[in-house]
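Structure first, commentary second.
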Protein chains: 2
Amino acid sequence: MKEFELIKEFFTAQPVSRKDVAMGIGDDCALIRANDNKLIAVTTDTLVAGVHFPLNTPARAVGHKAVAVNLSDIAAMGAEPAWISVAITLPEVDEEWLREFTAGMFELTEYFNVQLIGGDTTQGPLSITITAQGLVPEDKALCRNGAQNGDYLFVTGDFGDAGLALAAINGQIKLNETDFARVKAKLDYPQPQVLVGQMIREFATSAIDVSDGLLADLGHICRASTLGVAINVEDIPLSKALTDNLSAEDAINMALTSGDDYQLIFSVPATNKVGIETAMAHANVAFNCIGQLNTSEEINLTYKKKPFVVKKVGFEHFSVKA
Amino acid sequence: MKEFELIKEFFTAQPVSRKDVAMGIGDDCALIRANDNKLIAVTTDTLVAGVHFPLNTPARAVGHKAVAVNLSDIAAMGAEPAWISVAITLPEVDEEWLREFTAGMFELTEYFNVQLIGGDTTQGPLSITITAQGLVPEDKALCRNGAQNGDYLFVTGDFGDAGLALAAINGQIKLNETDFARVKAKLDYPQPQVLVGQMIREFATSAIDVSDGLLADLGHICRASTLGVAINVEDIPLSKALTDNLSAEDAINMALTSGDDYQLIFSVPATNKVGIETAMAHANVAFNCIGQLNTSEEINLTYKKKPFVVKKVGFEHFSVKA
């Protein structure tokens with residue numbers, strides 16, 4: 001369909017032009033150059049309307065989020081994002097929607113100096129698949145299986161706001177206008193911890209980003225590293241909106257089990273604990289130590305020195321990352 | 001959904017393990033290594049059920065074709081394919097379907113030594129987005145804009161069979177059982193010209209693969225190189241099924257305008273003409289010289305020394321490659 005040529009124009013108008021892109025959009029393939037003996041980190045994530053974001057989500061937020069969830073995976077490897085390819089399936093060509101969608105994408109790609117190098121457009125129910133790639137020094141990549149017994153467990157930012165927003169959208173909870181606007185912005189415009197990812201790779205032994213929920217994603221580190229962890233749940237950072245609107249226990253449950261936070265969880269050996277705390281403080285990054293890894297191969301939660309029983313385990317949307 | 005863990009198992013059971021993959025499936029990102037100062041060719045293609053393949057296409061064919069169309073883009077750059085990421089949206093988890101789908105994918109990836117390095121699975125109407133990557137020496141990549149005035153225009157294989165199959169499926173033409181089986185196999189199991197792509201990069205100035213139709217894709221080379229071309233349409237290779245079932249003129253029209261052939265079109269300077277003809281003959285590859293590039297910026301078709309008027313320009317499915 002001729003009108004789909006329009007999309008090409010929107011895609012070609014992207015703001016970043018990297019020196020390591022020998023050929024961008026417009027040929028059978030893009031051509032990129034990886035130098036300095038760095039590894040390339042590659043991730044692919046699909047967002048489906050009605051599954052990964054509510055159907056009435058603004059186009060700008062959809063574009064932002066589609067890029068953000070992929071850059072969050074790049075950040076979790078300690079890599080610096082460089083290139084993305086975008087495949088979009090659209091019910092129809094809506095110029096205004098596309099303008100907002102690409103604006104949402106490009107705000108993030110411009111900020112992080114990421115070049116859009118290719119894409120494909122097809123007709124169908126709205127979904128977006130992005131493949132993002134980044135660069136990381138060979139010995140600095142943060143994998144899930146690197147955590148060591150005794151490592152301290154850190155998290156960035158706070159947890160549960162995106163879950164609170166979803167609960168409000170689904171009518172399970174009522175929020176005042178200010179709180180709803182605040183948590184809705186966290187759900188729609190997650191900020192991938194790209195710079196933090198590159199900072200912690202000097203100190204951490206493992207990392208993962210939180211897309212499915214703190215507990216669920218922490219489980220991936222434990223399984224991959226054959227370790228357990230003891231968590232003091234009162235140390236989990238909660239936003240003011242969460243503590244204002246939920247009981248202490250519900251807020252912790254929300255923080256542990258709801259998804260879409262896109263914060264980082266990472267493990268740091270005792271010898272690097274002061275180093276990373278100093279670095280994070282100097283960079284003005286919000287972070288907390290919430291526990292310590294052990295050989296139990298279980299996640300043990302303690303609240304005010306008593307075992308904490310989780311009410312809902314994980315917000316599991318219909319998506320499995322292979 | 002727990003059942004989606006099943007897909008992870010199918011994906012993890014892939015046959016290829018490359019030395020340049022430092023981390024495969026199972027972390028936030030895969031980690032790959034590009035060495036020898038090669039460029040990385042990156043392409044993304046989506047196949048939507050009912051748009052890019054008929055709804056009742058066997059799962060094995062869907063898996064094969066999803067990989068083939070991407071490897072065909074890699075071939076058209078003269079690159080050697082290395083890695084793919086697969087995002088699949090499925091209406092439901094059907095173990096038998098998945099077994100066949102992955103078998104179809106892995107037949108091709110194993111043959112060409114391509115490793116599946118990641119993926120994502122979501123629920124929805126059937127579609128598959130693959131990002132394929134390959135390696136090509138920096139000065140050997142075959143772009144669309146490299147053709148020179150006076151270059152000879154070559155094609156691999158023959159044209160129109162996939163279009164004939166679609167016409168039969170759509171009830172526009174009746175074929176006998178043998179012919180239908182033959183052309184249906186061409187439609188369902190296209191063979192990407194991966195080895196030819198790497199061979200011609202030593203001789204050719206430009207290349208493109210034929211997905212939208214010989215004429216439409218040739219137009220991309222002409223526009224990108226600011227050239228025209230004179231074609232003797234009687235030199236376009238046609239299959240026996242095509243000439244047996246259509247008039248001479250209809251067969252040529254089908255070959256020129258129907259898509260899904262996944263052959264290569266490439267331009268070769270006069271000084272390399274004998275060289276490439278010798279190389280192709282020794283490699284036992286079917287190929288033909290169908291014309292010569294000129295400065296007209298038009299595609300001129302001649303049939304038995306008279307101008308040939310095309311009846312249907314391009315099989316345009318609802319897809320634009322950015």
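A note on labels: chains of the structure tokens are A, B, ... as shown, every chain counts residues from 1, and ligands are counted from 1 in their shown order.
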What are the DSSP alpha helix (DSSP H) residues of segment 163-260 of chain A, as a PyMOL selection string?
chain A and resi 163-169+177-188+194-200+214-225+240-245+248-257
Write the residues you've just listed into a file as a compact mmCIF listing (two decimals), in the first residue's frame, and include C-alpha atoms for each of them.
# COMPACT_ATOMS: atom_id res chain seq x y z
CA GLY A 163 1.56 -1.93 39.28
CA LEU A 164 -0.42 0.66 41.20
CA ALA A 165 -1.24 2.45 37.95
CA LEU A 166 -2.46 -0.80 36.36
CA ALA A 167 -4.57 -1.59 39.44
CA ALA A 168 -6.17 1.88 39.15
CA ILE A 169 -6.77 1.47 35.39
CA GLU A 177 -5.83 12.71 40.37
CA THR A 178 -2.29 13.71 41.34
CA ASP A 179 -1.27 10.23 42.44
CA PHE A 180 -2.82 8.63 39.38
CA ALA A 181 -1.03 11.03 37.04
CA ARG A 182 2.26 10.31 38.81
CA VAL A 183 2.03 6.51 38.70
CA LYS A 184 0.53 6.49 35.20
CA ALA A 185 3.62 8.38 34.01
CA LYS A 186 5.80 5.66 35.58
CA LEU A 187 3.79 2.99 33.73
CA ASP A 188 3.74 4.79 30.37
CA VAL A 194 21.12 2.84 30.95
CA LEU A 195 23.78 4.99 32.62
CA VAL A 196 23.54 3.08 35.90
CA GLY A 197 24.05 -0.18 33.99
CA GLN A 198 27.34 1.08 32.60
CA MET A 199 28.41 2.36 36.03
CA ILE A 200 27.68 -0.81 38.00
CA LEU A 214 11.06 -7.83 41.68
CA LEU A 215 10.53 -11.32 43.07
CA ALA A 216 10.15 -13.05 39.71
CA ASP A 217 13.23 -11.43 38.19
CA LEU A 218 15.30 -11.90 41.34
CA GLY A 219 14.40 -15.58 40.99
CA HIS A 220 16.20 -15.60 37.61
CA ILE A 221 19.45 -14.42 39.21
CA CYS A 222 19.14 -17.01 41.99
CA ARG A 223 18.42 -19.90 39.61
CA ALA A 224 21.13 -18.91 37.14
CA SER A 225 23.70 -18.48 39.94
CA LYS A 240 5.08 7.91 48.31
CA ALA A 241 2.05 7.15 46.11
CA LEU A 242 2.34 3.50 47.08
CA THR A 243 2.62 4.06 50.85
CA ASP A 244 -0.08 6.77 50.77
CA ASN A 245 -2.64 4.52 49.10
CA ALA A 248 2.31 -1.25 54.56
CA GLU A 249 1.89 -4.93 53.78
CA ASP A 250 -0.05 -4.38 50.52
CA ALA A 251 2.53 -1.86 49.36
CA ILE A 252 5.32 -4.38 49.90
CA ASN A 253 3.35 -7.07 48.09
CA MET A 254 2.76 -4.71 45.19
CA ALA A 255 6.45 -3.79 45.08
CA LEU A 256 7.48 -7.45 45.14
CA THR A 257 5.05 -8.85 42.61
Compile the residues of chain B that lie within 7 Å of chain A, evaluated using only C-alpha atoms, and express the compilation as an mmCIF file with C-alpha atoms, in the first residue's frame.
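To be explicit, this is the file written out as result02.cif:
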data_model
loop_
_atom_site.group_PDB
_atom_site.id
_atom_site.type_symbol
_atom_site.label_atom_id
_atom_site.label_comp_id
_atom_site.auth_asym_id
_atom_site.auth_seq_id
_atom_site.Cartn_x
_atom_site.Cartn_y
_atom_site.Cartn_z
ATOM 1 C CA MET B 1 1.400 -18.247 31.287
ATOM 2 C CA PHE B 4 4.694 -20.506 27.328
ATOM 3 C CA GLU B 5 7.748 -21.918 29.074
ATOM 4 C CA LYS B 8 11.508 -21.555 25.567
ATOM 5 C CA ILE B 25 19.434 -17.582 24.894
ATOM 6 C CA GLY B 26 18.620 -17.120 28.573
ATOM 7 C CA ASP B 27 19.863 -13.739 29.788
ATOM 8 C CA ASP B 28 18.645 -10.160 29.327
ATOM 9 C CA CYS B 29 20.639 -10.020 26.095
ATOM 10 C CA ALA B 30 22.668 -12.358 23.958
ATOM 11 C CA LEU B 31 26.352 -11.461 23.631
ATOM 12 C CA ILE B 32 28.030 -11.816 20.262
ATOM 13 C CA ARG B 33 31.484 -11.046 18.933
ATOM 14 C CA ALA B 34 32.227 -9.533 15.519
ATOM 15 C CA LEU B 39 30.771 -5.167 9.100
ATOM 16 C CA ILE B 40 27.596 -6.605 10.564
ATOM 17 C CA ALA B 41 24.607 -6.721 8.235
ATOM 18 C CA VAL B 42 21.307 -6.417 10.142
ATOM 19 C CA THR B 43 17.808 -6.988 8.769
ATOM 20 C CA THR B 44 14.330 -7.309 10.295
ATOM 21 C CA ASP B 45 11.312 -8.849 8.554
ATOM 22 C CA THR B 46 7.846 -9.611 9.820
ATOM 23 C CA ASP B 73 18.308 -9.987 2.732
ATOM 24 C CA ILE B 74 21.624 -11.021 4.278
ATOM 25 C CA ALA B 76 21.676 -9.618 -0.989
ATOM 26 C CA MET B 77 24.359 -7.717 0.970
ATOM 27 C CA SER B 85 16.518 -13.388 17.034
ATOM 28 C CA ALA B 87 9.818 -12.747 18.136
ATOM 29 C CA GLY B 118 17.190 -14.833 21.521
ATOM 30 C CA GLY B 119 13.511 -14.331 21.227
ATOM 31 C CA ASP B 120 10.282 -13.205 22.734
ATOM 32 C CA THR B 121 6.880 -14.830 22.720
ATOM 33 C CA THR B 122 3.543 -13.105 23.057
ATOM 34 C CA GLN B 123 -0.109 -13.980 22.567
ATOM 35 C CA CYS B 143 24.458 -2.090 -1.640
ATOM 36 C CA ARG B 144 21.679 -1.012 -3.979
ATOM 37 C CA ILE B 208 19.018 -6.891 -4.157
ATOM 38 C CA GLU B 316 2.192 -5.368 -3.475
ATOM 39 C CA PHE B 318 0.812 -4.670 2.841
ATOM 40 C CA SER B 319 4.442 -4.291 3.840
ATOM 41 C CA VAL B 320 7.056 -1.639 3.401
ATOM 42 C CA LYS B 321 10.663 -2.264 4.280
ATOM 43 C CA ALA B 322 12.067 0.904 5.828
#
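Distances from A:Arg201, A:Leu116, A:Gln193, A:Ile231 to Ile299 of chain A were compared using only C-alpha atoms, and the smallest one belongs to A:Ile231.
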For Val114 of chain A, please output as a list in words all residues within 6 Å (counting only C-alpha atoms; exclusion window: fewer than 4 positions along the same chain).
Ala82, Trp83 and Thr109 of chain A
Residue selection dump (N, CA and C atoms) as an mmCIF file, in the first residue's frame:
data_model
loop_
_atom_site.group_PDB
_atom_site.id
_atom_site.type_symbol
_atom_site.label_atom_id
_atom_site.label_comp_id
_atom_site.auth_asym_id
_atom_site.auth_seq_id
_atom_site.Cartn_x
_atom_site.Cartn_y
_atom_site.Cartn_z
ATOM 1 N N ALA A 82 23.347 1.150 21.235
ATOM 2 C CA ALA A 82 23.888 1.766 20.018
ATOM 3 C C ALA A 82 22.890 1.783 18.857
ATOM 4 N N TRP A 83 22.175 0.669 18.629
ATOM 5 C CA TRP A 83 21.351 0.550 17.426
ATOM 6 C C TRP A 83 20.027 -0.148 17.740
ATOM 7 N N THR A 109 15.885 7.568 21.988
ATOM 8 C CA THR A 109 17.054 7.200 21.184
ATOM 9 C C THR A 109 18.020 8.386 21.060
#
Backbone-only DSSP, strand (DSSP E) members of segment 44-153 of chain A, as a ChimeraX atom specification
/A:44-48,80-90,115-123,127-137,152-153
Next, dump the selected residues to file, keeping only C-alpha atoms, as a CSV table (one decimal), in the first residue's frame.
chain,number,residue,atom,x,y,z
A,44,THR,CA,14.4,-8.5,21.2
A,45,ASP,CA,11.1,-7.5,22.9
A,46,THR,CA,7.6,-7.4,21.6
A,47,LEU,CA,4.8,-5.1,23.0
A,48,VAL,CA,1.3,-6.1,22.1
A,80,GLU,CA,25.9,1.0,26.1
A,81,PRO,CA,23.0,1.0,23.6
A,82,ALA,CA,23.9,1.8,20.0
A,83,TRP,CA,21.4,0.6,17.4
A,84,ILE,CA,17.7,-0.5,17.2
A,85,SER,CA,15.5,-2.1,14.5
A,86,VAL,CA,11.8,-1.6,14.7
A,87,ALA,CA,9.1,-3.9,13.3
A,88,ILE,CA,5.6,-2.4,13.7
A,89,THR,CA,2.2,-4.0,12.9
A,90,LEU,CA,-0.5,-1.4,12.6
A,115,GLN,CA,20.4,5.0,15.9
A,116,LEU,CA,17.4,3.4,14.2
A,117,ILE,CA,19.0,1.2,11.5
A,118,GLY,CA,16.0,-0.6,10.0
A,119,GLY,CA,12.5,-1.7,10.3
A,120,ASP,CA,9.5,-3.4,8.7
A,121,THR,CA,5.9,-2.4,8.7
A,122,THR,CA,2.9,-4.7,8.3
A,123,GLN,CA,-0.8,-4.4,8.7
A,127,SER,CA,2.2,-4.6,18.1
A,128,ILE,CA,5.8,-3.5,18.1
A,129,THR,CA,8.9,-5.7,18.1
A,130,ILE,CA,12.2,-3.9,18.7
A,131,THR,CA,15.7,-5.5,18.5
A,132,ALA,CA,18.2,-3.3,20.4
A,133,GLN,CA,21.9,-3.7,20.3
A,134,GLY,CA,24.6,-2.3,22.5
A,135,LEU,CA,28.4,-2.6,23.2
A,136,VAL,CA,30.1,-3.9,26.3
A,137,PRO,CA,33.7,-4.6,27.1
A,152,TYR,CA,25.0,-7.8,48.6
A,153,LEU,CA,21.8,-7.3,46.7
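Using only C-alpha atoms for every distance, the candidate list A:Thr102, A:Gly146, A:Ile173, A:Leu238 yields A:Thr102 as the residue closest to Ala13 of chain A.
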